[in-house]
>>> print(open('coords21.txt').read())   # compact mmCIF, C-alpha atoms and all ligand atoms
# COMPACT_ATOMS: atom_id res chain seq x y z
CA MET A 1 46.14 204.14 58.86
CA PRO A 2 47.27 207.71 57.91
CA GLN A 3 49.09 209.58 60.73
CA GLY A 4 46.97 211.64 63.13
CA VAL A 5 43.75 209.89 62.09
CA ALA A 6 41.53 208.66 64.95
CA LEU A 7 39.16 206.28 63.15
CA THR A 8 40.03 204.03 60.22
CA GLU A 9 38.03 203.89 56.99
CA ASP A 10 36.81 200.41 58.00
CA GLU A 11 35.68 201.63 61.43
CA LEU A 12 33.79 204.54 59.87
CA SER A 13 32.10 202.42 57.22
CA GLY A 14 31.06 200.03 60.01
CA VAL A 15 29.48 202.90 61.96
CA VAL A 16 27.52 203.97 58.85
CA ALA A 17 26.49 200.39 57.98
CA ARG A 18 25.12 199.79 61.50
CA ALA A 19 23.39 203.20 61.70
CA GLU A 20 19.72 203.87 61.03
CA CYS A 21 18.79 206.51 58.45
CA LEU A 22 16.32 208.86 60.16
CA HIS A 23 16.01 211.53 57.46
CA ASP A 24 17.23 210.93 53.92
CA ALA A 25 18.67 213.64 51.69
CA ALA A 26 15.21 214.70 50.46
CA ALA A 27 13.89 215.01 54.03
CA VAL A 28 16.91 217.09 55.05
CA ALA A 29 16.36 219.36 52.03
CA ALA A 30 12.69 219.76 53.00
CA GLY A 31 13.76 220.62 56.57
CA ILE A 32 16.12 223.32 55.28
CA GLU A 33 13.36 224.81 53.11
CA ARG A 34 10.92 224.79 56.03
CA LEU A 35 13.48 226.58 58.21
CA ALA A 36 14.04 229.16 55.49
CA ALA A 37 10.33 229.87 55.05
CA GLU A 38 9.73 230.29 58.78
CA ILE A 39 12.84 232.44 59.30
CA THR A 40 11.88 234.63 56.34
CA ALA A 41 8.34 235.10 57.64
CA LYS A 42 9.59 236.17 61.07
CA LEU A 43 12.87 238.01 60.47
CA SER A 44 12.98 239.40 56.92
CA ALA A 45 12.29 242.98 58.05
CA THR A 46 14.86 242.99 60.89
CA GLN A 47 18.21 242.97 59.01
CA PRO A 48 19.38 240.21 61.36
CA LEU A 49 22.93 239.32 62.22
CA VAL A 50 23.12 235.60 61.45
CA LEU A 51 25.67 233.80 63.63
CA GLY A 52 26.71 230.31 62.59
CA VAL A 53 27.71 228.19 65.59
CA MET A 54 30.87 226.49 64.42
CA THR A 55 31.60 223.83 63.45
CA GLY A 56 28.27 222.07 63.11
CA ALA A 57 26.50 225.04 61.50
CA ILE A 58 28.61 224.93 58.35
CA VAL A 59 26.40 222.53 56.40
CA PRO A 60 22.92 223.70 57.49
CA LEU A 61 23.88 227.37 57.33
CA GLY A 62 25.51 227.03 53.92
CA ARG A 63 22.36 225.36 52.61
CA LEU A 64 20.01 227.83 54.31
CA LEU A 65 21.59 231.12 53.27
CA PRO A 66 20.68 231.03 49.56
CA TYR A 67 17.02 230.74 50.57
CA LEU A 68 17.19 233.83 52.83
CA GLN A 69 16.53 236.51 50.24
CA PHE A 70 16.48 239.60 52.47
CA PRO A 71 19.17 241.87 53.95
CA LEU A 72 21.24 240.16 56.61
CA GLU A 73 24.80 240.10 57.94
CA LEU A 74 26.75 236.91 58.51
CA ASP A 75 29.30 236.16 61.21
CA TYR A 76 30.18 233.16 63.34
CA ILE A 77 30.60 232.16 66.93
CA HIS A 78 32.58 229.14 68.08
CA ALA A 79 31.87 227.32 71.29
CA THR A 80 32.11 223.58 71.74
CA ARG A 81 31.29 221.03 74.42
CA TYR A 82 31.56 217.63 72.73
CA HIS A 83 35.20 217.83 71.57
CA LYS A 84 34.94 215.07 68.93
CA SER A 85 33.23 212.78 71.43
CA THR A 86 29.61 211.65 71.89
CA ILE A 87 29.45 213.04 75.44
CA GLY A 88 28.94 216.74 76.20
CA ARG A 89 31.15 218.45 78.77
CA GLU A 90 31.69 222.10 79.78
CA LEU A 91 31.25 224.79 77.12
CA VAL A 92 34.60 226.02 75.81
CA TRP A 93 34.72 229.33 73.90
CA LEU A 94 36.96 229.37 70.82
CA ALA A 95 35.73 232.55 69.07
CA ARG A 96 33.36 235.37 69.89
CA PRO A 97 31.59 237.22 67.05
CA GLN A 98 33.55 240.17 65.65
CA THR A 99 30.38 242.09 64.65
CA PRO A 100 28.96 244.23 67.50
CA LEU A 101 25.69 242.76 68.76
CA ARG A 102 24.34 245.86 70.50
CA GLY A 103 20.81 246.65 69.35
CA ARG A 104 20.81 243.83 66.77
CA THR A 105 18.37 241.06 66.06
CA VAL A 106 20.59 237.98 66.19
CA LEU A 107 19.81 234.59 64.66
CA LEU A 108 21.95 231.74 66.02
CA VAL A 109 22.09 228.84 63.56
CA ASP A 110 23.30 225.40 64.63
CA ASP A 111 23.07 221.81 63.47
CA ILE A 112 21.45 220.33 66.59
CA LEU A 113 19.80 221.29 69.86
CA ASP A 114 20.34 218.46 72.32
CA GLU A 115 20.77 219.14 76.06
CA GLY A 116 20.66 222.85 75.32
CA HIS A 117 23.74 223.92 77.28
CA THR A 118 25.42 225.30 74.16
CA PHE A 119 22.47 227.51 73.23
CA LYS A 120 22.01 228.58 76.86
CA GLY A 121 25.65 229.78 76.97
CA LEU A 122 25.39 231.47 73.57
CA LEU A 123 22.04 233.15 74.29
CA ASP A 124 23.37 234.50 77.61
CA ALA A 125 26.51 235.80 75.85
CA CYS A 126 24.52 237.52 73.07
CA ARG A 127 22.23 239.19 75.60
CA GLU A 128 25.23 240.32 77.69
CA GLU A 129 26.66 241.88 74.50
CA GLY A 130 23.47 243.93 74.14
CA ALA A 131 21.57 242.07 71.39
CA GLU A 132 18.02 243.40 71.19
CA ALA A 133 16.50 240.03 70.31
CA VAL A 134 18.06 236.59 69.89
CA TYR A 135 16.46 233.79 67.86
CA THR A 136 17.66 230.23 67.45
CA ALA A 137 17.44 227.93 64.42
CA VAL A 138 18.50 224.29 64.30
CA LEU A 139 18.42 221.73 61.57
CA ALA A 140 17.74 218.95 64.11
CA ASP A 141 15.89 219.18 67.41
CA LYS A 142 16.49 216.29 69.79
CA PRO A 143 13.95 216.48 72.63
CA ASN A 144 16.09 215.37 75.56
CA PRO A 145 14.83 214.76 79.11
CA ARG A 146 18.09 216.33 80.31
CA ARG A 147 17.33 219.53 78.31
CA GLU A 148 18.26 222.85 79.93
CA PRO A 149 14.90 224.10 81.33
CA GLY A 150 13.02 226.36 78.94
CA MET A 151 15.42 225.88 76.06
CA VAL A 152 13.37 225.57 72.85
CA ALA A 153 14.55 226.52 69.36
CA ASP A 154 12.51 229.16 67.53
CA PHE A 155 13.00 227.46 64.16
CA ILE A 156 13.37 223.68 63.68
CA GLY A 157 14.12 221.75 60.50
CA VAL A 158 13.55 218.14 61.60
CA THR A 159 13.13 216.25 64.86
CA VAL A 160 15.39 213.37 65.88
CA PRO A 161 14.97 210.80 68.66
CA GLU A 162 17.13 210.59 71.76
CA ARG A 163 19.98 208.81 70.01
CA TYR A 164 23.43 209.99 68.94
CA VAL A 165 22.94 211.31 65.40
CA PHE A 166 25.30 212.32 62.61
CA GLY A 167 25.31 213.62 59.05
CA ALA A 168 24.04 216.86 57.47
CA GLY A 169 26.64 218.80 59.49
CA MET A 170 26.56 216.72 62.66
CA ASP A 171 29.66 214.76 63.48
CA TYR A 172 30.44 211.31 64.73
CA LYS A 173 33.71 211.79 66.67
CA GLY A 174 34.72 214.52 64.23
CA TYR A 175 33.74 212.57 61.10
CA LEU A 176 30.69 212.03 58.87
CA ARG A 177 29.42 215.64 58.86
CA ASN A 178 29.47 215.37 55.07
CA LEU A 179 26.76 212.69 54.76
CA ASP A 180 23.66 214.07 53.04
CA GLY A 181 21.15 212.32 55.35
CA ILE A 182 20.78 212.19 59.14
CA TYR A 183 21.62 208.86 60.81
CA ALA A 184 21.28 207.48 64.34
CA ALA A 185 24.36 205.63 65.53
CA HIS A 186 23.85 202.03 66.65
CA ARG A 187 23.77 201.79 70.47
CA ASP A 188 27.09 199.89 70.38
CA ASP A 189 28.71 202.87 68.61
CA GLU A 190 27.38 205.52 70.97
CA ASP A 191 30.42 205.73 73.24
O1 LIG B 1 22.52 221.13 73.08
P1 LIG B 1 23.88 220.63 73.46
O2 LIG B 1 23.85 219.34 74.22
O3 LIG B 1 24.73 221.68 74.11
O4 LIG B 1 24.60 220.18 72.11
C1 LIG B 1 24.50 220.89 70.91
C2 LIG B 1 25.85 221.36 70.45
O5 LIG B 1 26.73 220.24 70.33
C3 LIG B 1 27.34 220.26 69.06
O6 LIG B 1 28.50 221.03 69.11
P2 LIG B 1 29.92 220.44 69.52
O7 LIG B 1 30.29 220.90 70.87
O8 LIG B 1 29.95 218.95 69.25
O9 LIG B 1 30.86 221.15 68.47
P3 LIG B 1 30.78 221.05 66.87
O10 LIG B 1 29.87 222.16 66.44
O11 LIG B 1 32.19 221.25 66.45
O12 LIG B 1 30.23 219.70 66.50
C4 LIG B 1 26.31 220.94 68.18
O13 LIG B 1 26.91 221.49 67.03
C5 LIG B 1 25.73 221.99 69.08
O14 LIG B 1 26.47 223.20 69.04
O1 LIG B 2 23.50 213.65 68.64
C1 LIG B 2 24.42 214.48 68.35
N1 LIG B 2 25.16 214.35 67.23
C2 LIG B 2 26.14 215.20 66.89
N2 LIG B 2 26.47 216.25 67.63
C3 LIG B 2 25.77 216.45 68.76
N3 LIG B 2 25.89 217.42 69.66
C4 LIG B 2 24.98 217.20 70.60
N4 LIG B 2 24.27 216.07 70.32
C5 LIG B 2 24.75 215.59 69.16
>>> encode(input="coords21.txt", output="structure tokens", more="lines below")
Ligand SMILES: O=P(O)(O)OC[C@H]1O[C@H](OP(=O)(O)OP(=O)(O)O)[C@H](O)[C@@H]1O
Ligand code: HPA
Amino acid sequence: MPQGVALTEDELSGVVARAECLHDAAAVAAGIERLAAEITAKLSATQPLVLGVMTGAIVPLGRLLPYLQFPLELDYIHATRYHKSTIGRELVWLARPQTPLRGRTVLLVDDILDEGHTFKGLLDACREEGAEAVYTAVLADKPNPRREPGMVADFIGVTVPERYVFGAGMDYKGYLRNLDGIYAAHRDDED
């Protein structure tokens, strides 16, 4: 096994083989297009500041942007609470946006809304920085009974069940973000 690598190729192919495909590549593409249409209808006149929530936003945001054909600015924000694991912990800030938020319409884009603690922390931070309005867009919404009260995304690509999911930007222990579909890990692979 190459140095510094946490999971072997065999372990990863086992995780994928045991997983259930929830949304194939075509369904993910349709979800991205739906997000784009709804975001355009709501925000195209606001010159929004689009903030990708690293790292998971890279794939959905990169796929979404070419569909957003109106003036916008792009920046990123980096906060994490899963740390390459399947269990969320406290929110750790790694980078705040460099673009001033005061008076702006902000669109936070992320791969998944799960328990909602990440968005809660980010929304609070954007409001504290003086954003005029903050919207949230996620590729995957996972309705979770442990969801932060009141936390609902404004724009949703697809819905996933209460399972650990990966692919289309979402990681399994730091891997598998690059799969083109969305998969639910087998229960035996969830921890
Ligand atoms: O709704 P929550 O339960 O807070 O979970 C959602 C967050 O968890 C993941 O981030 P993670 O901390 O794994 O970092 P990552 O973006 O590097 O995957 C995901 O990208 C969301 O930002
Ligand atoms: O189910 C998930 N998959 C990947 N990342 C996540 N972050 C929160 N929940 C998840």
>>> residues_near_ligand(input="coords21.txt", ligand="ligand LIG 2 (chain B)", cutoff="7 Å", atoms="all atoms listed in the file", output="PyMOL selection string")
chain A and resi 82+86+88+112-114+163-166+170-172
>>> closest_atom_pairs(input="coords21.txt", of="chain A", to="ligand LIG 1 (chain B)", cutoff="6 Å", atoms="all atoms listed in the file", output="JSON lines")
{"residue": "A:Met54", "atom": "CA", "partner": "B:LIG1", "partner_atom": "O10", "distance": 4.9}
{"residue": "A:Thr55", "atom": "CA", "partner": "B:LIG1", "partner_atom": "O10", "distance": 3.8}
{"residue": "A:Gly56", "atom": "CA", "partner": "B:LIG1", "partner_atom": "O10", "distance": 3.7}
{"residue": "A:Thr80", "atom": "CA", "partner": "B:LIG1", "partner_atom": "O7", "distance": 3.4}
{"residue": "A:Arg81", "atom": "CA", "partner": "B:LIG1", "partner_atom": "O7", "distance": 3.7}
{"residue": "A:Tyr82", "atom": "CA", "partner": "B:LIG1", "partner_atom": "O7", "distance": 4.0}
{"residue": "A:His83", "atom": "CA", "partner": "B:LIG1", "partner_atom": "O7", "distance": 5.8}
{"residue": "A:Asp110", "atom": "CA", "partner": "B:LIG1", "partner_atom": "O13", "distance": 5.8}
{"residue": "A:Asp111", "atom": "CA", "partner": "B:LIG1", "partner_atom": "O13", "distance": 5.2}
{"residue": "A:Ile112", "atom": "CA", "partner": "B:LIG1", "partner_atom": "C4", "distance": 5.1}
{"residue": "A:Leu113", "atom": "CA", "partner": "B:LIG1", "partner_atom": "O1", "distance": 4.2}
{"residue": "A:Asp114", "atom": "CA", "partner": "B:LIG1", "partner_atom": "O1", "distance": 3.5}
{"residue": "A:Glu115", "atom": "CA", "partner": "B:LIG1", "partner_atom": "O2", "distance": 3.6}
{"residue": "A:Gly116", "atom": "CA", "partner": "B:LIG1", "partner_atom": "O1", "distance": 3.4}
{"residue": "A:His117", "atom": "CA", "partner": "B:LIG1", "partner_atom": "O3", "distance": 4.0}
{"residue": "A:Thr118", "atom": "CA", "partner": "B:LIG1", "partner_atom": "O3", "distance": 3.7}
{"residue": "A:Asp171", "atom": "CA", "partner": "B:LIG1", "partner_atom": "O12", "distance": 5.8}
>>> residues_around(input="coords21.txt", residues="A:Lys42", least_positions_apart="4", cutoff="12 Å", atoms="all atoms listed in the file", output="list in words")
Leu35, Ala36, Ala37, Glu38, Thr46, Gln47, Pro48, Leu68, Phe70, Thr105, Leu107, Tyr135, Thr136, Ala137, Asp154 and Phe155 of chain A
>>> closest_residue(input="coords21.txt", among="A:Leu49, A:Leu7, A:Val59, A:Leu179", to="A:Arg102", atoms="all atoms listed in the file")
A:Leu49
>>> atom_distance(input="coords21.txt", atom1="atom CA of A:Glu132", atom2="atom CA of A:Val50")
13.5 Å
>>> residues_near_point(input="coords21.txt", point="(24.2, 222.9, 54.0)", cutoff="12 Å", atoms="all atoms listed in the file", output="PyMOL selection string")
chain A and resi 25+28-33+52+56-67+109-111+138-139+167-170+177-181
>>> closest_residue(input="coords21.txt", among="A:Ala140, A:Met151, A:Ala131, A:Ala184", to="A:Ala27", atoms="all atoms listed in the file")
A:Ala140
>>> atom_distance(input="coords21.txt", atom1="atom CA of A:Pro145", atom2="atom CA of A:Val160")
13.3 Å
>>> atom_distance(input="coords21.txt", atom1="atom CA of A:Phe119", atom2="atom CA of A:Leu72")
20.9 Å
>>> build_atoms(input="coords21.txt", residues="stretch 11-23 of chain A", atoms="N, CA and C atoms", output="CSV table (one decimal), keeping the file's coordinate frame")
chain,number,residue,atom,x,y,z
A,11,GLU,N,36.5,201.3,60.2
A,11,GLU,CA,35.7,201.6,61.4
A,11,GLU,C,34.5,202.6,61.1
A,12,LEU,N,34.8,203.6,60.2
A,12,LEU,CA,33.8,204.5,59.9
A,12,LEU,C,32.7,203.9,59.0
A,13,SER,N,33.1,203.0,58.1
A,13,SER,CA,32.1,202.4,57.2
A,13,SER,C,31.3,201.5,58.0
A,14,GLY,N,31.8,200.9,59.1
A,14,GLY,CA,31.1,200.0,60.0
A,14,GLY,C,30.0,200.8,60.8
A,15,VAL,N,30.4,202.0,61.2
A,15,VAL,CA,29.5,202.9,62.0
A,15,VAL,C,28.3,203.3,61.0
A,16,VAL,N,28.6,203.6,59.8
A,16,VAL,CA,27.5,204.0,58.8
A,16,VAL,C,26.6,202.8,58.5
A,17,ALA,N,27.3,201.6,58.3
A,17,ALA,CA,26.5,200.4,58.0
A,17,ALA,C,25.5,200.0,59.1
A,18,ARG,N,26.0,200.2,60.4
A,18,ARG,CA,25.1,199.8,61.5
A,18,ARG,C,24.1,200.9,61.8
A,19,ALA,N,24.3,202.1,61.3
A,19,ALA,CA,23.4,203.2,61.7
A,19,ALA,C,22.0,203.1,61.0
A,20,GLU,N,21.1,203.8,61.6
A,20,GLU,CA,19.7,203.9,61.0
A,20,GLU,C,19.5,205.2,60.4
A,21,CYS,N,19.1,205.2,59.1
A,21,CYS,CA,18.8,206.5,58.4
A,21,CYS,C,17.5,207.1,59.0
A,22,LEU,N,17.5,208.2,59.6
A,22,LEU,CA,16.3,208.9,60.2
A,22,LEU,C,15.7,209.8,59.2
A,23,HIS,N,16.5,210.6,58.4
A,23,HIS,CA,16.0,211.5,57.5
A,23,HIS,C,16.9,211.4,56.3
